[in-house]
file protein05.json (JSON, C-alpha atoms and all ligand atoms)
[["chain", "number", "residue", "atom", "x", "y", "z"],
["H", 1, "MET", "CA", 6.36, 1.13, 33.16],
["H", 2, "VAL", "CA", 7.54, 0.56, 29.59],
["H", 3, "ASP", "CA", 8.36, -3.04, 28.63],
["H", 4, "PHE", "CA", 11.13, -2.34, 26.07],
["H", 5, "SER", "CA", 11.80, -6.03, 25.57],
["H", 6, "ASN", "CA", 8.19, -6.85, 24.71],
["H", 7, "ALA", "CA", 7.92, -3.93, 22.27],
["H", 8, "LEU", "CA", 11.06, -5.09, 20.41],
["H", 9, "HIS", "CA", 9.69, -8.62, 20.36],
["H", 10, "LEU", "CA", 6.35, -7.42, 18.94],
["H", 11, "VAL", "CA", 7.82, -5.35, 16.10],
["H", 12, "ARG", "CA", 9.77, -8.40, 14.92],
["H", 13, "GLU", "CA", 6.88, -10.81, 15.37],
["H", 14, "ARG", "CA", 4.28, -8.60, 13.67],
["H", 15, "ALA", "CA", 6.53, -7.27, 10.87],
["H", 16, "PRO", "CA", 4.36, -4.19, 10.27],
["H", 17, "LEU", "CA", 4.05, -2.71, 6.78],
["H", 18, "VAL", "CA", 4.86, 1.01, 7.15],
["H", 19, "GLN", "CA", 4.08, 3.59, 4.48],
["H", 20, "CYS", "CA", 6.38, 6.62, 4.42],
["H", 21, "ILE", "CA", 5.78, 9.85, 2.55],
["H", 22, "THR", "CA", 9.29, 11.12, 3.02],
["H", 23, "ASN", "CA", 12.13, 13.13, 1.55],
["H", 24, "PHE", "CA", 14.52, 12.07, -1.21],
["H", 25, "VAL", "CA", 17.59, 12.87, 0.92],
["H", 26, "THR", "CA", 17.13, 9.97, 3.34],
["H", 27, "VAL", "CA", 14.42, 7.77, 1.82],
["H", 28, "ASN", "CA", 16.67, 4.74, 1.34],
["H", 29, "ASP", "CA", 17.91, 4.86, 4.95],
["H", 30, "CYS", "CA", 14.33, 5.10, 6.22],
["H", 31, "ALA", "CA", 13.35, 2.01, 4.22],
["H", 32, "ASN", "CA", 16.38, 0.07, 5.44],
["H", 33, "ILE", "CA", 15.94, 0.91, 9.12],
["H", 34, "ILE", "CA", 12.32, -0.30, 8.97],
["H", 35, "LEU", "CA", 13.61, -3.55, 7.46],
["H", 36, "ALA", "CA", 16.36, -3.73, 10.11],
["H", 37, "ALA", "CA", 13.72, -3.51, 12.85],
["H", 38, "GLY", "CA", 11.75, -6.37, 11.27],
["H", 39, "GLY", "CA", 9.11, -4.28, 9.50],
["H", 40, "SER", "CA", 8.38, -3.79, 5.83],
["H", 41, "PRO", "CA", 8.59, -0.36, 4.14],
["H", 42, "SER", "CA", 6.51, 1.18, 1.37],
["H", 43, "MET", "CA", 7.62, 4.58, 0.12],
["H", 44, "ALA", "CA", 4.50, 5.26, -2.01],
["H", 45, "HIS", "CA", 4.00, 9.03, -2.09],
["H", 46, "ASP", "CA", 2.21, 9.92, -5.34],
["H", 47, "ILE", "CA", -1.00, 11.81, -4.49],
["H", 48, "ARG", "CA", -2.92, 9.60, -6.96],
["H", 49, "GLU", "CA", -2.34, 6.45, -4.90],
["H", 50, "VAL", "CA", -1.60, 7.36, -1.27],
["H", 51, "GLU", "CA", -5.18, 6.96, -0.02],
["H", 52, "ASP", "CA", -5.37, 3.55, -1.62],
["H", 53, "ALA", "CA", -1.90, 2.54, -0.43],
["H", 54, "VAL", "CA", -2.54, 3.53, 3.19],
["H", 55, "SER", "CA", -5.51, 1.14, 3.37],
["H", 56, "GLY", "CA", -3.17, -1.85, 3.48],
["H", 57, "VAL", "CA", -0.56, -0.67, 6.00],
["H", 58, "ARG", "CA", -0.12, -0.77, 9.80],
["H", 59, "ALA", "CA", 1.31, 2.77, 10.10],
["H", 60, "LEU", "CA", 1.82, 5.96, 8.08],
["H", 61, "VAL", "CA", 4.88, 8.23, 8.44],
["H", 62, "CYS", "CA", 4.68, 11.80, 7.10],
["H", 63, "ASN", "CA", 8.05, 13.57, 6.83],
["H", 64, "MET", "CA", 7.94, 17.30, 6.10],
["H", 65, "GLY", "CA", 11.34, 17.06, 4.41],
["H", 66, "ALA", "CA", 9.10, 16.15, 1.45],
["H", 67, "ILE", "CA", 7.50, 19.61, 1.55],
["H", 68, "GLU", "CA", 6.27, 19.11, -2.04],
["H", 69, "ASP", "CA", 4.11, 16.17, -0.84],
["H", 70, "ILE", "CA", 2.07, 17.95, 1.86],
["H", 71, "ASP", "CA", -1.20, 17.53, -0.08],
["H", 72, "ALA", "CA", -0.52, 13.78, -0.31],
["H", 73, "MET", "CA", 0.20, 13.69, 3.46],
["H", 74, "VAL", "CA", -3.14, 15.37, 4.23],
["H", 75, "LEU", "CA", -5.04, 12.89, 2.04],
["H", 76, "ALA", "CA", -3.20, 9.83, 3.35],
["H", 77, "GLY", "CA", -3.36, 11.08, 6.95],
["H", 78, "LYS", "CA", -7.13, 11.63, 6.83],
["H", 79, "ARG", "CA", -7.64, 8.14, 5.38],
["H", 80, "ALA", "CA", -5.39, 6.61, 8.06],
["H", 81, "ASN", "CA", -7.40, 8.45, 10.74],
["H", 82, "GLN", "CA", -10.63, 6.98, 9.32],
["H", 83, "LEU", "CA", -9.09, 3.51, 9.43],
["H", 84, "GLY", "CA", -7.65, 3.94, 12.94],
["H", 85, "THR", "CA", -4.12, 3.44, 11.58],
["H", 86, "PRO", "CA", -1.34, 5.22, 13.53],
["H", 87, "VAL", "CA", 0.11, 8.33, 11.84],
["H", 88, "VAL", "CA", 3.54, 9.70, 12.80],
["H", 89, "LEU", "CA", 4.87, 13.13, 11.81],
["H", 90, "ASP", "CA", 8.45, 14.35, 11.37],
["H", 91, "PRO", "CA", 8.15, 18.17, 11.22],
["H", 92, "VAL", "CA", 11.44, 18.72, 9.34],
["H", 93, "ALA", "CA", 12.56, 22.38, 9.67],
["H", 94, "ALA", "CA", 9.01, 23.22, 10.85],
["H", 95, "GLY", "CA", 9.78, 26.83, 11.75],
["H", 96, "GLY", "CA", 12.32, 27.44, 9.01],
["H", 97, "THR", "CA", 10.24, 29.07, 6.27],
["H", 98, "ARG", "CA", 6.75, 30.46, 5.89],
["H", 99, "LEU", "CA", 5.76, 27.47, 3.72],
["H", 100, "ARG", "CA", 6.85, 25.07, 6.46],
["H", 101, "ARG", "CA", 5.12, 27.00, 9.26],
["H", 102, "GLU", "CA", 1.89, 27.00, 7.25],
["H", 103, "SER", "CA", 2.26, 23.36, 6.23],
["H", 104, "ALA", "CA", 2.82, 22.22, 9.81],
["H", 105, "LYS", "CA", -0.25, 24.19, 10.91],
["H", 106, "ARG", "CA", -2.35, 22.67, 8.12],
["H", 107, "LEU", "CA", -1.22, 19.12, 8.90],
["H", 108, "LEU", "CA", -2.03, 19.55, 12.61],
["H", 109, "GLU", "CA", -5.48, 20.92, 11.76],
["H", 110, "LYS", "CA", -6.39, 18.19, 9.27],
["H", 111, "VAL", "CA", -4.72, 15.06, 10.64],
["H", 112, "ARG", "CA", -4.71, 13.50, 14.12],
["H", 113, "PHE", "CA", -1.16, 12.33, 14.83],
["H", 114, "THR", "CA", -0.38, 9.38, 17.08],
["H", 115, "ALA", "CA", 3.12, 10.79, 17.55],
["H", 116, "ILE", "CA", 5.30, 13.68, 16.41],
["H", 117, "ARG", "CA", 9.11, 13.34, 16.57],
["H", 118, "GLY", "CA", 11.31, 16.36, 15.97],
["H", 119, "ASN", "CA", 14.51, 17.99, 17.17],
["H", 120, "ALA", "CA", 14.43, 20.75, 19.80],
["H", 121, "SER", "CA", 14.04, 23.62, 17.32],
["H", 122, "GLU", "CA", 11.20, 21.86, 15.47],
["H", 123, "ILE", "CA", 9.29, 20.99, 18.66],
["H", 124, "ARG", "CA", 9.73, 24.52, 20.05],
["H", 125, "SER", "CA", 8.35, 25.91, 16.80],
["H", 126, "LEU", "CA", 5.29, 23.60, 16.91],
["H", 127, "ALA", "CA", 4.74, 24.63, 20.54],
["H", 128, "GLY", "CA", 4.63, 28.27, 19.45],
["H", 129, "GLN", "CA", 7.87, 29.16, 21.21],
["H", 130, "GLU", "CA", 10.77, 31.20, 19.90],
["H", 131, "ALA", "CA", 13.04, 28.78, 18.01],
["H", 132, "SER", "CA", 16.49, 29.62, 16.66],
["H", 133, "GLY", "CA", 16.74, 26.81, 14.11],
["H", 134, "SER", "CA", 16.00, 27.53, 10.46],
["H", 135, "GLY", "CA", 17.49, 24.51, 8.65],
["H", 136, "VAL", "CA", 17.03, 20.79, 9.32],
["H", 137, "ASP", "CA", 19.38, 20.69, 12.34],
["H", 138, "ALA", "CA", 18.51, 21.89, 15.86],
["H", 139, "ALA", "CA", 20.06, 25.21, 16.86],
["H", 140, "ALA", "CA", 22.52, 25.03, 19.77],
["H", 141, "ALA", "CA", 20.42, 27.62, 21.64],
["H", 142, "ASP", "CA", 17.37, 25.30, 21.55],
["H", 143, "THR", "CA", 19.18, 22.07, 22.50],
["H", 144, "VAL", "CA", 17.97, 20.51, 25.76],
["H", 145, "SER", "CA", 20.58, 20.39, 28.55],
["H", 146, "GLN", "CA", 20.31, 19.26, 32.16],
["H", 147, "ASP", "CA", 19.55, 22.89, 33.11],
["H", 148, "SER", "CA", 16.79, 23.38, 30.55],
["H", 149, "LEU", "CA", 15.34, 19.88, 31.04],
["H", 150, "PRO", "CA", 12.48, 20.91, 33.42],
["H", 151, "ALA", "CA", 11.28, 23.56, 30.93],
["H", 152, "ALA", "CA", 11.60, 21.08, 28.03],
["H", 153, "VAL", "CA", 9.50, 18.53, 29.92],
["H", 154, "GLN", "CA", 6.79, 21.19, 30.37],
["H", 155, "THR", "CA", 6.91, 22.16, 26.69],
["H", 156, "VAL", "CA", 6.78, 18.57, 25.43],
["H", 157, "ALA", "CA", 4.01, 17.51, 27.84],
["H", 158, "GLY", "CA", 1.99, 20.65, 27.05],
["H", 159, "LEU", "CA", 2.22, 20.11, 23.31],
["H", 160, "ALA", "CA", 1.30, 16.43, 23.74],
["H", 161, "ARG", "CA", -1.87, 17.46, 25.58],
["H", 162, "ARG", "CA", -2.67, 20.01, 22.86],
["H", 163, "ILE", "CA", -2.37, 17.56, 19.97],
["H", 164, "GLY", "CA", -3.81, 14.61, 21.91],
["H", 165, "GLY", "CA", -0.86, 12.43, 20.95],
["H", 166, "ILE", "CA", 2.74, 11.72, 21.83],
["H", 167, "ILE", "CA", 5.51, 14.28, 21.41],
["H", 168, "ALA", "CA", 9.10, 13.06, 21.14],
["H", 169, "LEU", "CA", 11.88, 15.65, 21.23],
["H", 170, "SER", "CA", 15.27, 14.19, 20.20],
["H", 171, "GLY", "CA", 18.81, 15.39, 20.85],
["H", 172, "PRO", "CA", 21.51, 14.80, 23.48],
["H", 173, "LEU", "CA", 18.56, 14.16, 25.83],
["H", 174, "ASP", "CA", 15.36, 12.69, 24.36],
["H", 175, "VAL", "CA", 12.09, 13.82, 25.98],
["H", 176, "ILE", "CA", 8.92, 11.82, 25.25],
["H", 177, "SER", "CA", 5.48, 12.60, 26.65],
["H", 178, "ASP", "CA", 1.84, 11.66, 26.19],
["H", 179, "GLY", "CA", 0.81, 14.67, 28.28],
["H", 180, "GLU", "CA", 0.69, 12.73, 31.54],
["H", 181, "GLN", "CA", 3.84, 10.63, 31.76],
["H", 182, "THR", "CA", 7.18, 11.84, 30.42],
["H", 183, "MET", "CA", 10.28, 9.73, 29.76],
["H", 184, "VAL", "CA", 13.78, 11.19, 29.46],
["H", 185, "LEU", "CA", 16.33, 9.02, 27.61],
["H", 186, "ARG", "CA", 20.08, 9.53, 27.96],
["H", 187, "ASN", "CA", 21.39, 7.27, 25.20],
["H", 188, "GLY", "CA", 22.95, 8.08, 21.82],
["H", 189, "CYS", "CA", 26.13, 9.94, 20.83],
["H", 190, "PRO", "CA", 27.08, 13.19, 19.05],
["H", 191, "THR", "CA", 28.09, 11.33, 15.85],
["H", 192, "MET", "CA", 24.37, 10.70, 15.27],
["H", 193, "ALA", "CA", 24.02, 14.39, 14.44],
["H", 194, "ARG", "CA", 26.97, 14.15, 11.98],
["H", 195, "ILE", "CA", 24.98, 12.04, 9.50],
["H", 196, "THR", "CA", 21.90, 13.25, 7.70],
["H", 197, "GLY", "CA", 18.79, 11.28, 8.45],
["H", 198, "SER", "CA", 19.28, 9.89, 11.96],
["H", 199, "GLY", "CA", 16.13, 11.84, 12.83],
["H", 200, "CYS", "CA", 14.24, 10.71, 9.72],
["H", 201, "MET", "CA", 15.28, 7.11, 10.43],
["H", 202, "LEU", "CA", 14.16, 7.46, 14.04],
["H", 203, "THR", "CA", 10.72, 8.71, 12.98],
["H", 204, "SER", "CA", 10.42, 5.76, 10.57],
["H", 205, "LEU", "CA", 11.37, 3.40, 13.39],
["H", 206, "ILE", "CA", 8.66, 5.01, 15.54],
["H", 207, "GLY", "CA", 6.23, 4.26, 12.69],
["H", 208, "ALA", "CA", 7.24, 0.59, 12.75],
["H", 209, "PHE", "CA", 6.82, 0.28, 16.54],
["H", 210, "CYS", "CA", 3.47, 2.12, 16.51],
["H", 211, "GLY", "CA", 2.30, -0.19, 13.71],
["H", 212, "ALA", "CA", 3.29, -3.23, 15.76],
["H", 213, "MET", "CA", 1.59, -2.09, 19.00],
["H", 214, "PRO", "CA", -1.09, 0.52, 18.18],
["H", 215, "SER", "CA", -2.79, 0.02, 21.56],
["H", 216, "ASP", "CA", 0.24, 1.37, 23.50],
["H", 217, "PRO", "CA", 1.80, 4.18, 21.46],
["H", 218, "PHE", "CA", 3.74, 5.62, 24.43],
["H", 219, "ALA", "CA", 5.61, 2.33, 24.89],
["H", 220, "ALA", "CA", 6.07, 2.10, 21.12],
["H", 221, "VAL", "CA", 7.62, 5.57, 20.83],
["H", 222, "CYS", "CA", 9.80, 5.19, 23.95],
["H", 223, "THR", "CA", 11.12, 1.83, 22.74],
["H", 224, "ALA", "CA", 11.92, 3.12, 19.24],
["H", 225, "MET", "CA", 13.79, 6.10, 20.75],
["H", 226, "ALA", "CA", 15.62, 3.85, 23.24],
["H", 227, "ALA", "CA", 16.58, 1.40, 20.48],
["H", 228, "MET", "CA", 17.94, 4.21, 18.32],
["H", 229, "GLY", "CA", 20.06, 5.56, 21.19],
["H", 230, "VAL", "CA", 21.46, 2.16, 22.19],
["H", 231, "CYS", "CA", 22.22, 1.38, 18.52],
["H", 232, "GLY", "CA", 23.91, 4.77, 18.08],
["H", 233, "GLU", "CA", 26.23, 3.82, 20.94],
["H", 234, "ALA", "CA", 26.96, 0.42, 19.36],
["H", 235, "ALA", "CA", 27.79, 2.09, 16.03],
["H", 236, "GLU", "CA", 30.00, 4.63, 17.82],
["H", 237, "ALA", "CA", 31.94, 1.83, 19.53],
["H", 238, "ARG", "CA", 32.66, 0.35, 16.09],
["H", 239, "ARG", "CA", 33.67, 3.74, 14.68],
["H", 240, "LEU", "CA", 36.16, 4.32, 17.51],
["H", 241, "LYS", "CA", 37.52, 0.78, 17.17],
["H", 242, "ASN", "CA", 37.90, 0.90, 13.37],
["H", 243, "GLY", "CA", 38.80, 4.57, 12.89],
["H", 244, "THR", "CA", 35.96, 5.04, 10.39],
["H", 245, "GLY", "CA", 33.85, 8.14, 9.72],
["H", 246, "ASN", "CA", 30.26, 9.23, 9.33],
["H", 247, "ALA", "CA", 29.52, 7.21, 6.16],
["H", 248, "THR", "CA", 30.39, 3.90, 7.80],
["H", 249, "PHE", "CA", 28.69, 5.05, 11.02],
["H", 250, "ARG", "CA", 25.42, 5.33, 9.08],
["H", 251, "THR", "CA", 25.73, 1.74, 7.86],
["H", 252, "ASP", "CA", 26.80, 0.50, 11.31],
["H", 253, "LEU", "CA", 23.76, 2.22, 12.84],
["H", 254, "ILE", "CA", 21.38, 0.31, 10.57],
["H", 255, "ASP", "CA", 23.32, -2.92, 11.21],
["H", 256, "ALA", "CA", 23.05, -2.30, 14.97],
["H", 257, "VAL", "CA", 19.25, -2.10, 14.71],
["H", 258, "PHE", "CA", 19.28, -5.33, 12.68],
["H", 259, "ASN", "CA", 21.37, -7.09, 15.37],
["H", 260, "LEU", "CA", 19.82, -5.48, 18.49],
["H", 261, "THR", "CA", 18.85, -8.03, 21.14],
["H", 262, "GLU", "CA", 16.23, -7.60, 23.86],
["H", 263, "LYS", "CA", 18.97, -8.07, 26.47],
["H", 264, "GLN", "CA", 21.21, -5.41, 24.89],
["H", 265, "LEU", "CA", 18.27, -2.98, 24.80],
["H", 266, "THR", "CA", 17.10, -3.50, 28.38],
["H", 267, "GLU", "CA", 20.66, -3.44, 29.78],
["H", 268, "GLY", "CA", 21.76, -0.47, 27.67],
["H", 269, "VAL", "CA", 18.82, 1.91, 28.04],
["H", 270, "ARG", "CA", 19.27, 4.83, 30.48],
["H", 271, "TYR", "CA", 16.02, 6.58, 31.33],
["H", 272, "GLU", "CA", 13.92, 8.22, 33.98],
["H", 273, "ILE", "CA", 10.17, 8.92, 34.20],
["H", 274, "TYR", "CA", 8.74, 12.30, 35.25],
["H", 301, "LIG", "N1", 24.60, 14.96, 20.97],
["H", 301, "LIG", "C1", 23.88, 13.85, 20.97],
["H", 301, "LIG", "N2", 24.02, 12.92, 21.95],
["H", 301, "LIG", "C2", 23.29, 11.80, 21.97],
["H", 301, "LIG", "N3", 22.37, 11.49, 21.02],
["H", 301, "LIG", "C3", 22.15, 12.36, 20.03],
["H", 301, "LIG", "C4", 22.88, 13.59, 19.94],
["H", 301, "LIG", "N4", 22.44, 14.26, 18.83],
["H", 301, "LIG", "C5", 21.50, 13.50, 18.28],
["H", 301, "LIG", "N5", 21.30, 12.35, 18.98],
["H", 301, "LIG", "C6", 20.38, 11.25, 18.66],
["H", 301, "LIG", "O1", 20.27, 11.20, 17.24],
["H", 301, "LIG", "C7", 18.95, 10.82, 16.84],
["H", 301, "LIG", "C8", 18.38, 11.87, 15.87],
["H", 301, "LIG", "O2", 18.07, 13.01, 16.60],
["H", 301, "LIG", "P1", 18.28, 14.50, 16.04],
["H", 301, "LIG", "O3", 17.66, 15.39, 17.08],
["H", 301, "LIG", "O4", 19.70, 14.73, 15.67],
["H", 301, "LIG", "O5", 17.36, 14.46, 14.73],
["H", 301, "LIG", "P2", 17.19, 15.48, 13.53],
["H", 301, "LIG", "O6", 17.81, 16.80, 13.87],
["H", 301, "LIG", "O7", 15.78, 15.47, 13.12],
["H", 301, "LIG", "O8", 18.06, 14.72, 12.40],
["H", 301, "LIG", "P3", 17.90, 14.71, 10.78],
["H", 301, "LIG", "O9", 16.95, 15.80, 10.41],
["H", 301, "LIG", "O10", 19.30, 14.95, 10.26],
["H", 301, "LIG", "O11", 17.41, 13.40, 10.36],
["H", 301, "LIG", "C9", 18.17, 10.63, 18.13],
["H", 301, "LIG", "O12", 18.18, 9.26, 18.45],
["H", 301, "LIG", "C10", 18.96, 11.44, 19.18],
["H", 301, "LIG", "O13", 18.82, 10.93, 20.46],
["H", 302, "LIG", "C1", 19.05, 17.47, 4.71],
["H", 302, "LIG", "C2", 17.62, 17.44, 4.46],
["H", 302, "LIG", "N1", 16.99, 18.39, 3.72],
["H", 302, "LIG", "C3", 15.69, 18.20, 3.62],
["H", 302, "LIG", "S1", 15.15, 16.82, 4.43],
["H", 302, "LIG", "C4", 16.73, 16.46, 4.93],
["H", 302, "LIG", "C5", 17.03, 15.25, 5.75],
["H", 302, "LIG", "C6", 17.26, 15.54, 7.18],
["H", 302, "LIG", "O1", 16.19, 16.10, 7.85],
["H", 303, "MG", "MG", 15.07, 15.95, 11.15]]
call {"tool": "encode", "arguments": {"input": "protein05.json", "output": "structure tokens"}}
result
Amino acid sequence: MVDFSNALHLVRERAPLVQCITNFVTVNDCANIILAAGGSPSMAHDIREVEDAVSGVRALVCNMGAIEDIDAMVLAGKRANQLGTPVVLDPVAAGGTRLRRESAKRLLEKVRFTAIRGNASEIRSLAGQEASGSGVDAAAADTVSQDSLPAAVQTVAGLARRIGGIIALSGPLDVISDGEQTMVLRNGCPTMARITGSGCMLTSLIGAFCGAMPSDPFAAVCTAMAAMGVCGEAAEARRLKNGTGNATFRTDLIDAVFNLTEKQLTEGVRYEIY
């Protein structure tokens, strides 16, 4: 049983410092969503300081959108592993190019990840399955539907066992597994895929929750994913009411995380456990 309410309470009470080595496309949104959740962001990514910087934080987020910073991620990740600090990976476009396939392989060999959050194409690629996606968005052919859900649960749980951490596949249905228990979340809205960075922001949020409750990473990841979905719905309600577009939606999404209450989260989340 995941206590969503307690996890949200803890992230606000503990205000974890989260270090992100992340891409320049969405870096500002990642910093702001960590702040919205009650955490504190550090975007230090220079290879000359990441080992030092990671010593003072509660979680490290490595985002492969910053493909030029893979060496820094390996160094920071190894240091975080030594310190017992949670490390979260966003395998942006993991199967898209040879450089990304090799980088993902190298990261998984060198660093032990507490959690990996990617879209369906990225998770399929990490699992060694045929994936249609080549850019940063999931391919329609890979997207999890009600019909393909049983197979997706197997893939996600199998990969979780292989890496010894949590795998979170996002999309219309979110599938989260630690290899034994698997949660399926049915929140969110299609507009979330019409802004860049909802995935990057979600991975940063996972970093904040893992930093706040390192002893229960499954609850941390599930709560971050649930919060993002419920907040996506709140931002969509505003968009429909105000007739705004994706730029305002992005701001409303961050505002929704800032204003999210424990009651709104527990009443709004739609999930099942496998
Ligand atoms: N069609 C949809 N219906 C409901 N929720 C969605 C939908 N598409 C995306 N989401 C939600 O959007 C968030 C980001 O997931 P997504 O899989 O789009 O990430 P991503 O492809 O890595 O994004 P990016 O790389 O642009 O940051 C998750 O919370 C997910 O549940
Ligand atoms: C668009 C884009 N390109 C590299 S990273 C990124 C952010 C979404 O993954
Ligand atoms: Mg992404």
call {"tool": "residues_near_ligand", "arguments": {"input": "protein05.json", "ligand": "ligand LIG 302 (chain H)", "cutoff": "6 Å", "atoms": "only C-alpha atoms and all ligand atoms", "output": "ChimeraX atom specification"}}
result
/H:23,25-26,65,92,136,196-197
call {"tool": "atom_distance", "arguments": {"input": "protein05.json", "atom1": "atom CA of Ala256 of chain H", "atom2": "atom CA of Cys189 of chain H"}}
result
13.9 Å
call {"tool": "atom_distance", "arguments": {"input": "protein05.json", "atom1": "atom CA of Asn63 of chain H", "atom2": "atom CA of Tyr271 of chain H"}}
result
26.7 Å
call {"tool": "residues_around", "arguments": {"input": "protein05.json", "residues": "segment 206-222 of chain H", "least_positions_apart": "3", "cutoff": "7 Å", "atoms": "only C-alpha atoms", "output": "list in words"}}
result
Val2, Ala7, Leu10, Val11, Arg14, Pro16, Val18, Ile34, Gly39, Arg58, Ala59, Leu60, Val61, Pro86, Val88, Ile166, Ile176, Asp178, Leu202, Thr203, Met225 and Ala226 of chain H
call {"tool": "closest_residue", "arguments": {"input": "protein05.json", "among": "H:Val27, H:Met64, H:Val175, H:Leu260", "to": "ligand MG 303 (chain H)", "atoms": "all atoms listed in the file"}}
result
H:Met64
call {"tool": "residues_near_ligand", "arguments": {"input": "protein05.json", "ligand": "ligand LIG 301 (chain H)", "cutoff": "6 Å", "atoms": "all atoms listed in the file", "output": "JSON list (two decimals) with C-alpha atoms, in the frame of the given file"}}
result
[["chain", "number", "residue", "atom", "x", "y", "z"],
["H", 118, "GLY", "CA", 11.31, 16.36, 15.97],
["H", 119, "ASN", "CA", 14.51, 17.99, 17.17],
["H", 136, "VAL", "CA", 17.03, 20.79, 9.32],
["H", 137, "ASP", "CA", 19.38, 20.69, 12.34],
["H", 138, "ALA", "CA", 18.51, 21.89, 15.86],
["H", 170, "SER", "CA", 15.27, 14.19, 20.20],
["H", 171, "GLY", "CA", 18.81, 15.39, 20.85],
["H", 172, "PRO", "CA", 21.51, 14.80, 23.48],
["H", 174, "ASP", "CA", 15.36, 12.69, 24.36],
["H", 187, "ASN", "CA", 21.39, 7.27, 25.20],
["H", 188, "GLY", "CA", 22.95, 8.08, 21.82],
["H", 189, "CYS", "CA", 26.13, 9.94, 20.83],
["H", 190, "PRO", "CA", 27.08, 13.19, 19.05],
["H", 192, "MET", "CA", 24.37, 10.70, 15.27],
["H", 193, "ALA", "CA", 24.02, 14.39, 14.44],
["H", 196, "THR", "CA", 21.90, 13.25, 7.70],
["H", 197, "GLY", "CA", 18.79, 11.28, 8.45],
["H", 198, "SER", "CA", 19.28, 9.89, 11.96],
["H", 199, "GLY", "CA", 16.13, 11.84, 12.83],
["H", 200, "CYS", "CA", 14.24, 10.71, 9.72],
["H", 225, "MET", "CA", 13.79, 6.10, 20.75],
["H", 228, "MET", "CA", 17.94, 4.21, 18.32],
["H", 229, "GLY", "CA", 20.06, 5.56, 21.19]]
call {"tool": "axis_aligned_box", "arguments": {"input": "protein05.json", "around": "segment 81-85 of chain H", "padding_each_side": "4 Å", "output": "lines of an AutoDock Vina configuration file"}}
result
center_x = -7.4
center_y = 5.9
center_z = 11.1
size_x = 14.5
size_y = 13.0
size_z = 11.6
call {"tool": "closest_residue", "arguments": {"input": "protein05.json", "among": "H:Arg112, H:Arg117, H:Arg238, H:Arg48", "to": "ligand MG 303 (chain H)", "atoms": "only C-alpha atoms and all ligand atoms"}}
result
H:Arg117
call {"tool": "residues_around", "arguments": {"input": "protein05.json", "residues": "Val74 of chain H", "least_positions_apart": "2", "cutoff": "7 Å", "atoms": "only C-alpha atoms", "output": "VMD selection string"}}
result
chain H and resid 70 to 72 76 to 78 107 110 to 111
call {"tool": "write_last_selection", "arguments": {"input": "protein05.json", "atoms": "C-alpha atoms", "output": "short mmCIF file (atom, residue, chain, number, x, y, z; two decimals), in the frame of the given file"}}
result
data_model
loop_
_atom_site.label_atom_id
_atom_site.label_comp_id
_atom_site.auth_asym_id
_atom_site.auth_seq_id
_atom_site.Cartn_x
_atom_site.Cartn_y
_atom_site.Cartn_z
CA ILE H 70 2.07 17.95 1.86
CA ASP H 71 -1.20 17.53 -0.08
CA ALA H 72 -0.52 13.78 -0.31
CA ALA H 76 -3.20 9.83 3.35
CA GLY H 77 -3.36 11.08 6.95
CA LYS H 78 -7.13 11.63 6.83
CA LEU H 107 -1.22 19.12 8.90
CA LYS H 110 -6.39 18.19 9.27
CA VAL H 111 -4.72 15.06 10.64
#
call {"tool": "residues_around", "arguments": {"input": "protein05.json", "residues": "Glu49 of chain H", "least_positions_apart": "5", "cutoff": "12 Å", "atoms": "all atoms listed in the file", "output": "list of chain:residue names"}}
result
H:Gln19, H:Ile21, H:Met43, H:Ala44, H:Val54, H:Ser55, H:Gly56, H:Ala72, H:Met73, H:Leu75, H:Ala76, H:Arg79
